[in-house]
Amino acid sequence: MRVGIVGGGIVGLATAWYLRKLGAVPVVIETWKLGGGCSFGNAGWICPSISTPLPAPGLTWKSLLWTMRRDSPLYIRPRALPRLAPWLMRFRSHCNHADHERGIRALAALNAVTMARYDELAADGVDFEMERAGILMVFPDSGKAAEARAEVEAVAEAGAAACREVDAAELYEMEPLLRPGFRHGVFVEGERHLRPDTLTAGLGAALLRAGAEIHEGALATGFRSEGRRVRAIVTSRGDLEVDAVVVAAGAQSGTLSRALGCPIPLTAGKGYSVTIDEPVNQLRQPLYLGGAKIGMTPFAGTLRFSGTMELSGINRRLDSARVESLRRQVAQAVQIPEARTGGRAWVGMRPMTPDTLPVIGALPTRDNAYLNTGHQMLGLTLGPSSGWALAAMVAEGRRGVDLGAFSPGRW
Ligand SMILES: Cc1cc2nc3c(=O)[nH]c(=O)nc-3n(C[C@H](O)[C@H](O)[C@H](O)COP(=O)(O)OP(=O)(O)OC[C@H]3O[C@@H](n4cnc5c(N)ncnc54)[C@H](O)[C@@H]3O)c2cc1C
């Protein structure tokens, strides 16, 4: 069985890997290079314990209006507002307890196998850099710390690892680079982190060794179908005959899904990161600056900080004002001499649905077409578990996890 996978990010590559394990021949089509999209410069956290949907009960229209401020962690570009309005209306409709809790449970079910999948990838010989250091969350005030703790505990009830409170003294012992002013901490011990480009490179190499076909520099533009079956993927390098197709093109999956008769409300939640090679100071473990909503990650020989959620449509435009704001807040919070001017800035498009739950499953409009996208801030965390779940459905018609909450037909 030849299965075409459009998109060579973490989600597409993980799907390809599990399809290969089930005996299929994956045919990966990537318009640029493997791992060059959103999967490249992200924070690299594998974080089931903080896997939550973004629409939250307290979010009101008034608080959404604050997001027009250019230095707000969640920023909506005013000029993009008319185009984003339908998506935002749907997002707002999910800002209630019932949907939030349902989303937490659905994500926890998918995450139940996340760490096992990562252990298995390593055991299968996929070469990538992964550490088990937990995540330290720090806050200047007790209110925000309590909110974060309640959120982690809600996820823990649904099955993830728990966290513990850290007082001011221990906070500075755990992370001596913190500047004064932080009084409250939450440590999530079970979490891991990895350097994302090592994972996509490792998966790409392992797939080639295992006999997969990989077409880099090939843009998928549409499909050739007969009745309800896709026969070939139309690409800038010619048609590729397939027995089934998985669209895993990240934030750009909407166009291809529409071409298959199933439009989905997907937009990009742009995030920024700065990567510093050979930093003067290095963090002891991943650090979350709670007030500013900034994540910082120590990799071997490299330090990365990242944040912001910008809704400005599907584009890779890098807003230097937002990078400046990120740099300023990091420099104010942590002793990183390069924070203000050093390192490389990067922008990535997180694939975002209005309920911020992924879209994993069969398209209702075709007999052999599937989607695996919409993983918002959690694609690295959920990539292997989503790929594993979808591969079983494509290759064997089997459902290891209840994917009902992630159905492509839910709109
Ligand atoms: C700043 C930032 C920090 C983040 N931190 C974390 C984190 O710590 N932990 C975590 O779990 N997640 C994190 N994320 C989210 C995570 O990066 C994404 O959810 C994940 O990378 C999405 O993977 P993907 O494979 O769906 O998309 P992508 O990586 O974008 O891959 C899609 C691929 O499809 C290709 N493509 C698109 N259209 C076509 C076409 N027509 N034909 C062929 N190829 C096509 C693209 O070139 C791209 O390579 C972060 C994101 C950002 C922006």
# chains A, B, ... in the order shown; residues from 1 in each chain; ligands from 1
>>> residues_near_ligand(ligand="ligand 1", cutoff="6 Å", atoms="only C-alpha atoms and all ligand atoms", output="PDB file with N, CA and C atoms, in the first residue's frame")
ATOM      1  N   VAL A   6       1.402  14.436   2.526  1.00  0.00           N
ATOM      2  CA  VAL A   6       1.785  15.788   2.123  1.00  0.00           C
ATOM      3  C   VAL A   6       2.221  16.548   3.364  1.00  0.00           C
ATOM      4  N   GLY A   7       3.497  16.900   3.417  1.00  0.00           N
ATOM      5  CA  GLY A   7       4.029  17.647   4.560  1.00  0.00           C
ATOM      6  C   GLY A   7       5.095  16.853   5.287  1.00  0.00           C
ATOM      7  N   GLY A   8       6.307  17.411   5.331  1.00  0.00           N
ATOM      8  CA  GLY A   8       7.421  16.734   5.993  1.00  0.00           C
ATOM      9  C   GLY A   8       7.805  17.401   7.294  1.00  0.00           C
ATOM     10  N   GLY A   9       6.802  17.807   8.089  1.00  0.00           N
ATOM     11  CA  GLY A   9       7.048  18.292   9.446  1.00  0.00           C
ATOM     12  C   GLY A   9       6.971  17.121  10.413  1.00  0.00           C
ATOM     13  N   ILE A  10       6.988  17.413  11.702  1.00  0.00           N
ATOM     14  CA  ILE A  10       6.967  16.336  12.687  1.00  0.00           C
ATOM     15  C   ILE A  10       5.731  15.450  12.538  1.00  0.00           C
ATOM     16  N   VAL A  11       4.589  16.075  12.222  1.00  0.00           N
ATOM     17  CA  VAL A  11       3.350  15.290  12.160  1.00  0.00           C
ATOM     18  C   VAL A  11       3.370  14.359  10.941  1.00  0.00           C
ATOM     19  N   GLY A  12       3.753  14.910   9.772  1.00  0.00           N
ATOM     20  CA  GLY A  12       3.810  14.079   8.562  1.00  0.00           C
ATOM     21  C   GLY A  12       4.846  12.974   8.690  1.00  0.00           C
ATOM     22  N   ILE A  29       5.792  14.044   0.588  1.00  0.00           N
ATOM     23  CA  ILE A  29       5.932  15.160  -0.366  1.00  0.00           C
ATOM     24  C   ILE A  29       6.098  16.452   0.433  1.00  0.00           C
ATOM     25  N   GLU A  30       7.218  17.092   0.257  1.00  0.00           N
ATOM     26  CA  GLU A  30       7.530  18.296   1.039  1.00  0.00           C
ATOM     27  C   GLU A  30       7.952  19.402   0.087  1.00  0.00           C
ATOM     28  N   THR A  31       7.272  20.521   0.189  1.00  0.00           N
ATOM     29  CA  THR A  31       7.528  21.590  -0.765  1.00  0.00           C
ATOM     30  C   THR A  31       8.902  22.225  -0.596  1.00  0.00           C
ATOM     31  N   TRP A  32       9.436  22.144   0.618  1.00  0.00           N
ATOM     32  CA  TRP A  32      10.726  22.777   0.864  1.00  0.00           C
ATOM     33  C   TRP A  32      11.716  21.696   1.258  1.00  0.00           C
ATOM     34  N   LEU A  34      12.597  18.717   4.584  1.00  0.00           N
ATOM     35  CA  LEU A  34      12.005  18.066   5.754  1.00  0.00           C
ATOM     36  C   LEU A  34      12.268  18.897   7.004  1.00  0.00           C
ATOM     37  N   GLY A  35      11.242  19.082   7.822  1.00  0.00           N
ATOM     38  CA  GLY A  35      11.419  19.780   9.102  1.00  0.00           C
ATOM     39  C   GLY A  35      11.672  21.273   8.969  1.00  0.00           C
ATOM     40  N   GLY A  36      11.447  21.843   7.784  1.00  0.00           N
ATOM     41  CA  GLY A  36      11.751  23.263   7.590  1.00  0.00           C
ATOM     42  C   GLY A  36      10.597  24.191   7.942  1.00  0.00           C
ATOM     43  N   GLY A  37       9.409  23.644   8.269  1.00  0.00           N
ATOM     44  CA  GLY A  37       8.250  24.489   8.588  1.00  0.00           C
ATOM     45  C   GLY A  37       8.202  24.814  10.071  1.00  0.00           C
ATOM     46  N   CYS A  38       7.009  24.721  10.636  1.00  0.00           N
ATOM     47  CA  CYS A  38       6.838  25.073  12.056  1.00  0.00           C
ATOM     48  C   CYS A  38       7.640  24.139  12.965  1.00  0.00           C
ATOM     49  N   SER A  39       7.937  22.952  12.458  1.00  0.00           N
ATOM     50  CA  SER A  39       8.663  21.982  13.283  1.00  0.00           C
ATOM     51  C   SER A  39      10.125  22.357  13.498  1.00  0.00           C
ATOM     52  N   ASN A  42      10.855  25.535  17.020  1.00  0.00           N
ATOM     53  CA  ASN A  42       9.980  25.596  18.206  1.00  0.00           C
ATOM     54  C   ASN A  42      10.754  25.298  19.486  1.00  0.00           C
ATOM     55  N   ALA A  43      10.042  25.369  20.621  1.00  0.00           N
ATOM     56  CA  ALA A  43      10.714  25.260  21.923  1.00  0.00           C
ATOM     57  C   ALA A  43      11.164  23.836  22.250  1.00  0.00           C
ATOM     58  N   GLY A  44      10.578  22.860  21.575  1.00  0.00           N
ATOM     59  CA  GLY A  44      11.042  21.485  21.762  1.00  0.00           C
ATOM     60  C   GLY A  44      10.551  20.806  23.028  1.00  0.00           C
ATOM     61  N   TRP A  45       9.463  21.308  23.601  1.00  0.00           N
ATOM     62  CA  TRP A  45       8.963  20.683  24.834  1.00  0.00           C
ATOM     63  C   TRP A  45       8.032  19.527  24.499  1.00  0.00           C
ATOM     64  N   ILE A  46       8.255  18.408  25.184  1.00  0.00           N
ATOM     65  CA  ILE A  46       7.290  17.295  25.126  1.00  0.00           C
ATOM     66  C   ILE A  46       6.529  17.427  26.439  1.00  0.00           C
ATOM     67  N   ALA A 218       9.011  19.489  -3.673  1.00  0.00           N
ATOM     68  CA  ALA A 218       7.831  19.180  -4.501  1.00  0.00           C
ATOM     69  C   ALA A 218       6.582  19.745  -3.827  1.00  0.00           C
ATOM     70  N   LEU A 219       5.898  20.633  -4.523  1.00  0.00           N
ATOM     71  CA  LEU A 219       4.684  21.254  -3.974  1.00  0.00           C
ATOM     72  C   LEU A 219       3.468  20.456  -4.414  1.00  0.00           C
ATOM     73  N   ALA A 220       2.671  19.993  -3.454  1.00  0.00           N
ATOM     74  CA  ALA A 220       1.415  19.311  -3.806  1.00  0.00           C
ATOM     75  C   ALA A 220       0.384  20.391  -4.139  1.00  0.00           C
ATOM     76  N   THR A 221      -0.206  20.307  -5.332  1.00  0.00           N
ATOM     77  CA  THR A 221      -1.161  21.348  -5.736  1.00  0.00           C
ATOM     78  C   THR A 221      -2.591  20.831  -5.798  1.00  0.00           C
ATOM     79  N   ALA A 248      -0.843  16.414   5.865  1.00  0.00           N
ATOM     80  CA  ALA A 248      -0.215  16.835   7.132  1.00  0.00           C
ATOM     81  C   ALA A 248       0.665  18.048   6.834  1.00  0.00           C
ATOM     82  N   ALA A 249       0.044  19.022   6.174  1.00  0.00           N
ATOM     83  CA  ALA A 249       0.796  20.183   5.668  1.00  0.00           C
ATOM     84  C   ALA A 249       0.764  21.349   6.640  1.00  0.00           C
ATOM     85  N   GLY A 250       0.607  21.063   7.925  1.00  0.00           N
ATOM     86  CA  GLY A 250       0.628  22.110   8.945  1.00  0.00           C
ATOM     87  C   GLY A 250      -0.426  23.169   8.669  1.00  0.00           C
ATOM     88  N   GLN A 252      -0.840  25.044   6.373  1.00  0.00           N
ATOM     89  CA  GLN A 252      -1.259  25.162   4.969  1.00  0.00           C
ATOM     90  C   GLN A 252      -2.146  23.996   4.520  1.00  0.00           C
ATOM     91  N   LYS A 270       0.998  32.439  14.622  1.00  0.00           N
ATOM     92  CA  LYS A 270       2.444  32.617  14.441  1.00  0.00           C
ATOM     93  C   LYS A 270       3.170  32.764  15.773  1.00  0.00           C
ATOM     94  N   GLY A 271       4.321  32.108  15.860  1.00  0.00           N
ATOM     95  CA  GLY A 271       5.156  32.205  17.060  1.00  0.00           C
ATOM     96  C   GLY A 271       6.575  32.523  16.638  1.00  0.00           C
ATOM     97  N   TYR A 272       7.317  33.116  17.554  1.00  0.00           N
ATOM     98  CA  TYR A 272       8.682  33.542  17.251  1.00  0.00           C
ATOM     99  C   TYR A 272       9.654  32.870  18.203  1.00  0.00           C
ATOM    100  N   SER A 273      10.867  32.643  17.721  1.00  0.00           N
ATOM    101  CA  SER A 273      11.914  32.173  18.640  1.00  0.00           C
ATOM    102  C   SER A 273      13.243  32.827  18.286  1.00  0.00           C
ATOM    103  N   SER A 306      11.291  31.398  23.161  1.00  0.00           N
ATOM    104  CA  SER A 306      10.218  31.508  22.167  1.00  0.00           C
ATOM    105  C   SER A 306       8.909  31.906  22.825  1.00  0.00           C
ATOM    106  N   GLY A 307       8.037  32.444  22.024  1.00  0.00           N
ATOM    107  CA  GLY A 307       6.725  32.806  22.549  1.00  0.00           C
ATOM    108  C   GLY A 307       5.899  33.534  21.515  1.00  0.00           C
ATOM    109  N   GLY A 348       7.404  30.852  12.981  1.00  0.00           N
ATOM    110  CA  GLY A 348       6.752  29.614  12.525  1.00  0.00           C
ATOM    111  C   GLY A 348       5.243  29.741  12.633  1.00  0.00           C
ATOM    112  N   MET A 349       4.547  28.974  11.773  1.00  0.00           N
ATOM    113  CA  MET A 349       3.075  29.036  11.756  1.00  0.00           C
ATOM    114  C   MET A 349       2.494  27.799  12.431  1.00  0.00           C
ATOM    115  N   ARG A 350       1.931  27.991  13.625  1.00  0.00           N
ATOM    116  CA  ARG A 350       1.263  26.857  14.278  1.00  0.00           C
ATOM    117  C   ARG A 350      -0.086  26.641  13.593  1.00  0.00           C
ATOM    118  N   THR A 373      -3.487  17.296  11.272  1.00  0.00           N
ATOM    119  CA  THR A 373      -2.981  18.660  11.396  1.00  0.00           C
ATOM    120  C   THR A 373      -3.670  19.363  12.575  1.00  0.00           C
ATOM    121  N   HIS A 375      -2.281  20.945  15.239  1.00  0.00           N
ATOM    122  CA  HIS A 375      -1.732  20.615  16.567  1.00  0.00           C
ATOM    123  C   HIS A 375      -1.296  21.827  17.375  1.00  0.00           C
ATOM    124  N   GLN A 376      -1.660  23.003  16.927  1.00  0.00           N
ATOM    125  CA  GLN A 376      -1.399  24.269  17.643  1.00  0.00           C
ATOM    126  C   GLN A 376      -0.041  24.306  18.324  1.00  0.00           C
ATOM    127  N   MET A 377      -0.007  24.562  19.645  1.00  0.00           N
ATOM    128  CA  MET A 377       1.269  24.717  20.351  1.00  0.00           C
ATOM    129  C   MET A 377       1.866  23.373  20.755  1.00  0.00           C
ATOM    130  N   LEU A 378       1.269  22.270  20.265  1.00  0.00           N
ATOM    131  CA  LEU A 378       1.595  20.951  20.810  1.00  0.00           C
ATOM    132  C   LEU A 378       2.021  19.922  19.770  1.00  0.00           C
ATOM    133  N   GLY A 379       2.423  20.381  18.593  1.00  0.00           N
ATOM    134  CA  GLY A 379       2.710  19.426  17.513  1.00  0.00           C
ATOM    135  C   GLY A 379       3.868  18.499  17.814  1.00  0.00           C
ATOM    136  N   LEU A 380       4.852  19.009  18.521  1.00  0.00           N
ATOM    137  CA  LEU A 380       6.002  18.170  18.849  1.00  0.00           C
ATOM    138  C   LEU A 380       5.590  17.130  19.900  1.00  0.00           C
ATOM    139  N   THR A 381       4.799  17.584  20.867  1.00  0.00           N
ATOM    140  CA  THR A 381       4.302  16.688  21.911  1.00  0.00           C
ATOM    141  C   THR A 381       3.418  15.604  21.299  1.00  0.00           C
TER     142      THR A 381
END
>>> select_by_dssp(residues="region 208-308 of chain A", states="strand (DSSP E or B)", output="PDB file with N, CA and C atoms, in the first residue's frame")
ATOM      1  N   GLU A 213       9.713   6.643   0.347  1.00  0.00           N
ATOM      2  CA  GLU A 213      10.062   7.595  -0.721  1.00  0.00           C
ATOM      3  C   GLU A 213       9.921   8.999  -0.162  1.00  0.00           C
ATOM      4  N   ILE A 214      10.932   9.832  -0.388  1.00  0.00           N
ATOM      5  CA  ILE A 214      10.828  11.211   0.096  1.00  0.00           C
ATOM      6  C   ILE A 214      11.085  12.157  -1.072  1.00  0.00           C
ATOM      7  N   HIS A 215      10.133  13.053  -1.320  1.00  0.00           N
ATOM      8  CA  HIS A 215      10.273  14.024  -2.412  1.00  0.00           C
ATOM      9  C   HIS A 215      10.351  15.423  -1.809  1.00  0.00           C
ATOM     10  N   GLU A 216      11.556  15.945  -1.667  1.00  0.00           N
ATOM     11  CA  GLU A 216      11.699  17.322  -1.172  1.00  0.00           C
ATOM     12  C   GLU A 216      11.650  18.266  -2.376  1.00  0.00           C
ATOM     13  N   ALA A 220       2.671  19.993  -3.454  1.00  0.00           N
ATOM     14  CA  ALA A 220       1.415  19.311  -3.806  1.00  0.00           C
ATOM     15  C   ALA A 220       0.384  20.391  -4.139  1.00  0.00           C
ATOM     16  N   THR A 221      -0.206  20.307  -5.332  1.00  0.00           N
ATOM     17  CA  THR A 221      -1.161  21.348  -5.736  1.00  0.00           C
ATOM     18  C   THR A 221      -2.591  20.831  -5.798  1.00  0.00           C
ATOM     19  N   GLY A 222      -2.777  19.534  -5.822  1.00  0.00           N
ATOM     20  CA  GLY A 222      -4.140  18.992  -5.885  1.00  0.00           C
ATOM     21  C   GLY A 222      -4.112  17.481  -5.973  1.00  0.00           C
ATOM     22  N   PHE A 223      -5.237  16.915  -6.415  1.00  0.00           N
ATOM     23  CA  PHE A 223      -5.358  15.451  -6.428  1.00  0.00           C
ATOM     24  C   PHE A 223      -6.080  15.005  -7.694  1.00  0.00           C
ATOM     25  N   ARG A 224      -5.775  13.828  -8.136  1.00  0.00           N
ATOM     26  CA  ARG A 224      -6.546  13.221  -9.215  1.00  0.00           C
ATOM     27  C   ARG A 224      -7.392  12.132  -8.576  1.00  0.00           C
ATOM     28  N   SER A 225      -8.698  12.234  -8.732  1.00  0.00           N
ATOM     29  CA  SER A 225      -9.599  11.275  -8.068  1.00  0.00           C
ATOM     30  C   SER A 225     -10.450  10.546  -9.089  1.00  0.00           C
ATOM     31  N   GLU A 226     -10.921   9.357  -8.708  1.00  0.00           N
ATOM     32  CA  GLU A 226     -11.949   8.643  -9.473  1.00  0.00           C
ATOM     33  C   GLU A 226     -13.059   8.350  -8.490  1.00  0.00           C
ATOM     34  N   ARG A 229     -12.432   8.002  -4.623  1.00  0.00           N
ATOM     35  CA  ARG A 229     -11.049   7.566  -4.318  1.00  0.00           C
ATOM     36  C   ARG A 229     -10.010   8.488  -4.951  1.00  0.00           C
ATOM     37  N   VAL A 230      -9.019   8.872  -4.147  1.00  0.00           N
ATOM     38  CA  VAL A 230      -7.884   9.621  -4.676  1.00  0.00           C
ATOM     39  C   VAL A 230      -6.953   8.608  -5.339  1.00  0.00           C
ATOM     40  N   ARG A 231      -6.563   8.877  -6.585  1.00  0.00           N
ATOM     41  CA  ARG A 231      -5.654   7.972  -7.305  1.00  0.00           C
ATOM     42  C   ARG A 231      -4.221   8.508  -7.304  1.00  0.00           C
ATOM     43  N   ALA A 232      -4.079   9.866  -7.338  1.00  0.00           N
ATOM     44  CA  ALA A 232      -2.723  10.426  -7.414  1.00  0.00           C
ATOM     45  C   ALA A 232      -2.695  11.808  -6.770  1.00  0.00           C
ATOM     46  N   ILE A 233      -1.510  12.173  -6.292  1.00  0.00           N
ATOM     47  CA  ILE A 233      -1.297  13.532  -5.785  1.00  0.00           C
ATOM     48  C   ILE A 233      -0.621  14.299  -6.911  1.00  0.00           C
ATOM     49  N   VAL A 234      -1.197  15.452  -7.241  1.00  0.00           N
ATOM     50  CA  VAL A 234      -0.633  16.282  -8.309  1.00  0.00           C
ATOM     51  C   VAL A 234       0.409  17.197  -7.671  1.00  0.00           C
ATOM     52  N   THR A 235       1.658  17.115  -8.142  1.00  0.00           N
ATOM     53  CA  THR A 235       2.718  17.936  -7.543  1.00  0.00           C
ATOM     54  C   THR A 235       3.447  18.722  -8.631  1.00  0.00           C
ATOM     55  N   GLY A 238       5.258  16.475 -10.965  1.00  0.00           N
ATOM     56  CA  GLY A 238       4.511  15.399 -11.630  1.00  0.00           C
ATOM     57  C   GLY A 238       3.570  14.693 -10.662  1.00  0.00           C
ATOM     58  N   ASP A 239       2.726  13.837 -11.232  1.00  0.00           N
ATOM     59  CA  ASP A 239       1.738  13.124 -10.425  1.00  0.00           C
ATOM     60  C   ASP A 239       2.379  11.925  -9.731  1.00  0.00           C
ATOM     61  N   LEU A 240       1.962  11.679  -8.483  1.00  0.00           N
ATOM     62  CA  LEU A 240       2.451  10.505  -7.750  1.00  0.00           C
ATOM     63  C   LEU A 240       1.255   9.606  -7.439  1.00  0.00           C
ATOM     64  N   GLU A 241       1.280   8.405  -8.009  1.00  0.00           N
ATOM     65  CA  GLU A 241       0.172   7.459  -7.803  1.00  0.00           C
ATOM     66  C   GLU A 241       0.200   6.953  -6.359  1.00  0.00           C
ATOM     67  N   ALA A 244      -3.608   5.785  -0.897  1.00  0.00           N
ATOM     68  CA  ALA A 244      -4.298   6.618   0.111  1.00  0.00           C
ATOM     69  C   ALA A 244      -3.467   7.881   0.298  1.00  0.00           C
ATOM     70  N   VAL A 245      -4.075   8.917   0.847  1.00  0.00           N
ATOM     71  CA  VAL A 245      -3.336  10.162   1.058  1.00  0.00           C
ATOM     72  C   VAL A 245      -3.615  10.723   2.453  1.00  0.00           C
ATOM     73  N   VAL A 246      -2.556  11.240   3.087  1.00  0.00           N
ATOM     74  CA  VAL A 246      -2.688  11.928   4.379  1.00  0.00           C
ATOM     75  C   VAL A 246      -2.209  13.361   4.174  1.00  0.00           C
ATOM     76  N   VAL A 247      -3.059  14.327   4.467  1.00  0.00           N
ATOM     77  CA  VAL A 247      -2.635  15.729   4.405  1.00  0.00           C
ATOM     78  C   VAL A 247      -2.133  16.115   5.794  1.00  0.00           C
ATOM     79  N   THR A 267      -6.268  28.285  10.672  1.00  0.00           N
ATOM     80  CA  THR A 267      -5.458  29.478  10.442  1.00  0.00           C
ATOM     81  C   THR A 267      -4.078  29.251  11.064  1.00  0.00           C
ATOM     82  N   ALA A 268      -3.220  30.271  10.941  1.00  0.00           N
ATOM     83  CA  ALA A 268      -1.879  30.147  11.522  1.00  0.00           C
ATOM     84  C   ALA A 268      -1.818  30.950  12.812  1.00  0.00           C
ATOM     85  N   GLY A 269      -1.237  30.354  13.856  1.00  0.00           N
ATOM     86  CA  GLY A 269      -0.936  31.080  15.091  1.00  0.00           C
ATOM     87  C   GLY A 269       0.571  31.278  15.100  1.00  0.00           C
ATOM     88  N   LYS A 270       0.998  32.439  14.622  1.00  0.00           N
ATOM     89  CA  LYS A 270       2.444  32.617  14.441  1.00  0.00           C
ATOM     90  C   LYS A 270       3.170  32.764  15.773  1.00  0.00           C
ATOM     91  N   GLY A 271       4.321  32.108  15.860  1.00  0.00           N
ATOM     92  CA  GLY A 271       5.156  32.205  17.060  1.00  0.00           C
ATOM     93  C   GLY A 271       6.575  32.523  16.638  1.00  0.00           C
ATOM     94  N   TYR A 272       7.317  33.116  17.554  1.00  0.00           N
ATOM     95  CA  TYR A 272       8.682  33.542  17.251  1.00  0.00           C
ATOM     96  C   TYR A 272       9.654  32.870  18.203  1.00  0.00           C
ATOM     97  N   SER A 273      10.867  32.643  17.721  1.00  0.00           N
ATOM     98  CA  SER A 273      11.914  32.173  18.640  1.00  0.00           C
ATOM     99  C   SER A 273      13.243  32.827  18.286  1.00  0.00           C
ATOM    100  N   VAL A 274      14.137  32.825  19.269  1.00  0.00           N
ATOM    101  CA  VAL A 274      15.500  33.301  19.055  1.00  0.00           C
ATOM    102  C   VAL A 274      16.418  32.188  19.547  1.00  0.00           C
ATOM    103  N   THR A 275      17.384  31.798  18.699  1.00  0.00           N
ATOM    104  CA  THR A 275      18.299  30.698  19.035  1.00  0.00           C
ATOM    105  C   THR A 275      19.718  31.237  19.161  1.00  0.00           C
ATOM    106  N   ILE A 276      20.316  30.985  20.309  1.00  0.00           N
ATOM    107  CA  ILE A 276      21.670  31.498  20.578  1.00  0.00           C
ATOM    108  C   ILE A 276      22.624  30.302  20.631  1.00  0.00           C
ATOM    109  N   ASP A 277      23.622  30.311  19.755  1.00  0.00           N
ATOM    110  CA  ASP A 277      24.627  29.234  19.782  1.00  0.00           C
ATOM    111  C   ASP A 277      25.700  29.569  20.807  1.00  0.00           C
ATOM    112  N   LEU A 287      12.506  26.530  31.006  1.00  0.00           N
ATOM    113  CA  LEU A 287      11.968  27.535  31.921  1.00  0.00           C
ATOM    114  C   LEU A 287      10.791  28.219  31.242  1.00  0.00           C
ATOM    115  N   TYR A 288       9.688  28.361  31.974  1.00  0.00           N
ATOM    116  CA  TYR A 288       8.520  29.079  31.435  1.00  0.00           C
ATOM    117  C   TYR A 288       8.333  30.343  32.250  1.00  0.00           C
ATOM    118  N   LEU A 289       8.415  31.492  31.560  1.00  0.00           N
ATOM    119  CA  LEU A 289       8.182  32.766  32.240  1.00  0.00           C
ATOM    120  C   LEU A 289       6.676  33.022  32.191  1.00  0.00           C
ATOM    121  N   ILE A 294       6.550  33.085  27.947  1.00  0.00           N
ATOM    122  CA  ILE A 294       7.726  32.807  27.120  1.00  0.00           C
ATOM    123  C   ILE A 294       8.361  31.502  27.595  1.00  0.00           C
ATOM    124  N   GLY A 295       8.713  30.648  26.646  1.00  0.00           N
ATOM    125  CA  GLY A 295       9.374  29.383  26.974  1.00  0.00           C
ATOM    126  C   GLY A 295      10.846  29.472  26.612  1.00  0.00           C
ATOM    127  N   MET A 296      11.699  28.904  27.467  1.00  0.00           N
ATOM    128  CA  MET A 296      13.138  28.925  27.193  1.00  0.00           C
ATOM    129  C   MET A 296      13.657  27.497  27.309  1.00  0.00           C
ATOM    130  N   THR A 297      14.529  27.112  26.372  1.00  0.00           N
ATOM    131  CA  THR A 297      14.978  25.716  26.352  1.00  0.00           C
ATOM    132  C   THR A 297      16.489  25.620  26.179  1.00  0.00           C
ATOM    133  N   PRO A 298      17.158  24.879  27.067  1.00  0.00           N
ATOM    134  CA  PRO A 298      18.585  24.615  26.859  1.00  0.00           C
ATOM    135  C   PRO A 298      18.772  23.363  26.002  1.00  0.00           C
ATOM    136  N   PHE A 299      19.450  23.500  24.870  1.00  0.00           N
ATOM    137  CA  PHE A 299      19.847  22.335  24.075  1.00  0.00           C
ATOM    138  C   PHE A 299      21.357  22.188  24.205  1.00  0.00           C
ATOM    139  N   THR A 302      23.334  25.178  22.758  1.00  0.00           N
ATOM    140  CA  THR A 302      22.413  26.184  22.215  1.00  0.00           C
ATOM    141  C   THR A 302      21.336  26.522  23.235  1.00  0.00           C
ATOM    142  N   LEU A 303      20.874  27.751  23.180  1.00  0.00           N
ATOM    143  CA  LEU A 303      19.763  28.169  24.043  1.00  0.00           C
ATOM    144  C   LEU A 303      18.707  28.824  23.157  1.00  0.00           C
ATOM    145  N   ARG A 304      17.456  28.470  23.393  1.00  0.00           N
ATOM    146  CA  ARG A 304      16.374  29.052  22.578  1.00  0.00           C
ATOM    147  C   ARG A 304      15.316  29.650  23.485  1.00  0.00           C
ATOM    148  N   PHE A 305      14.811  30.827  23.128  1.00  0.00           N
ATOM    149  CA  PHE A 305      13.607  31.314  23.812  1.00  0.00           C
ATOM    150  C   PHE A 305      12.541  31.625  22.776  1.00  0.00           C
ATOM    151  N   SER A 306      11.291  31.398  23.161  1.00  0.00           N
ATOM    152  CA  SER A 306      10.218  31.508  22.167  1.00  0.00           C
ATOM    153  C   SER A 306       8.909  31.906  22.825  1.00  0.00           C
ATOM    154  N   GLY A 307       8.037  32.444  22.024  1.00  0.00           N
ATOM    155  CA  GLY A 307       6.725  32.806  22.549  1.00  0.00           C
ATOM    156  C   GLY A 307       5.899  33.534  21.515  1.00  0.00           C
ATOM    157  N   THR A 308       4.853  34.160  21.988  1.00  0.00           N
ATOM    158  CA  THR A 308       3.856  34.931  21.244  1.00  0.00           C
ATOM    159  C   THR A 308       2.954  34.042  20.380  1.00  0.00           C
TER     160      THR A 308
END
>>> closest_residue(among="A:Thr198, A:Thr341, A:Ser385, A:Ser407", to="Ala116 (chain A)", atoms="only C-alpha atoms")
A:Ser385
>>> atom_distance(atom1="CA of Pro57 (chain A)", atom2="CA of Glu101 (chain A)")
9.8 Å
>>> residues_around(residues="Ala212 (chain A)", least_positions_apart="3", cutoff="9 Å", atoms="only C-alpha atoms", output="PyMOL selection string")
chain A and resi 16-17+20+24-28+206-209
>>> write_last_selection(atoms="C-alpha atoms", output="PDB file, in the first residue's frame")
ATOM      1  CA  ALA A  16       5.025   8.128   7.713  1.00  0.00           C
ATOM      2  CA  TRP A  17       7.130   6.300  10.307  1.00  0.00           C
ATOM      3  CA  ARG A  20       6.083   2.069   7.489  1.00  0.00           C
ATOM      4  CA  ALA A  24       2.852   0.510   4.079  1.00  0.00           C
ATOM      5  CA  VAL A  25       5.220   2.397   1.760  1.00  0.00           C
ATOM      6  CA  PRO A  26       5.095   6.080   2.742  1.00  0.00           C
ATOM      7  CA  VAL A  27       5.597   8.656  -0.024  1.00  0.00           C
ATOM      8  CA  VAL A  28       6.436  11.980   1.667  1.00  0.00           C
ATOM      9  CA  ALA A 206      15.276   6.420   9.419  1.00  0.00           C
ATOM     10  CA  LEU A 207      12.471   6.550   6.840  1.00  0.00           C
ATOM     11  CA  LEU A 208      14.946   6.465   3.952  1.00  0.00           C
ATOM     12  CA  ARG A 209      16.750   3.508   5.537  1.00  0.00           C
TER      13      ARG A 209
END
>>> closest_residue(among="A:Leu22, A:Thr255, A:Arg192, A:Ala158", to="Met130 (chain A)", atoms="only C-alpha atoms")
A:Arg192
>>> select_by_dssp(residues="region 266-392 of chain A", states="helix (DSSP H, G or I)", output="VMD selection string")
chain A and resid 320 to 333 376 to 392
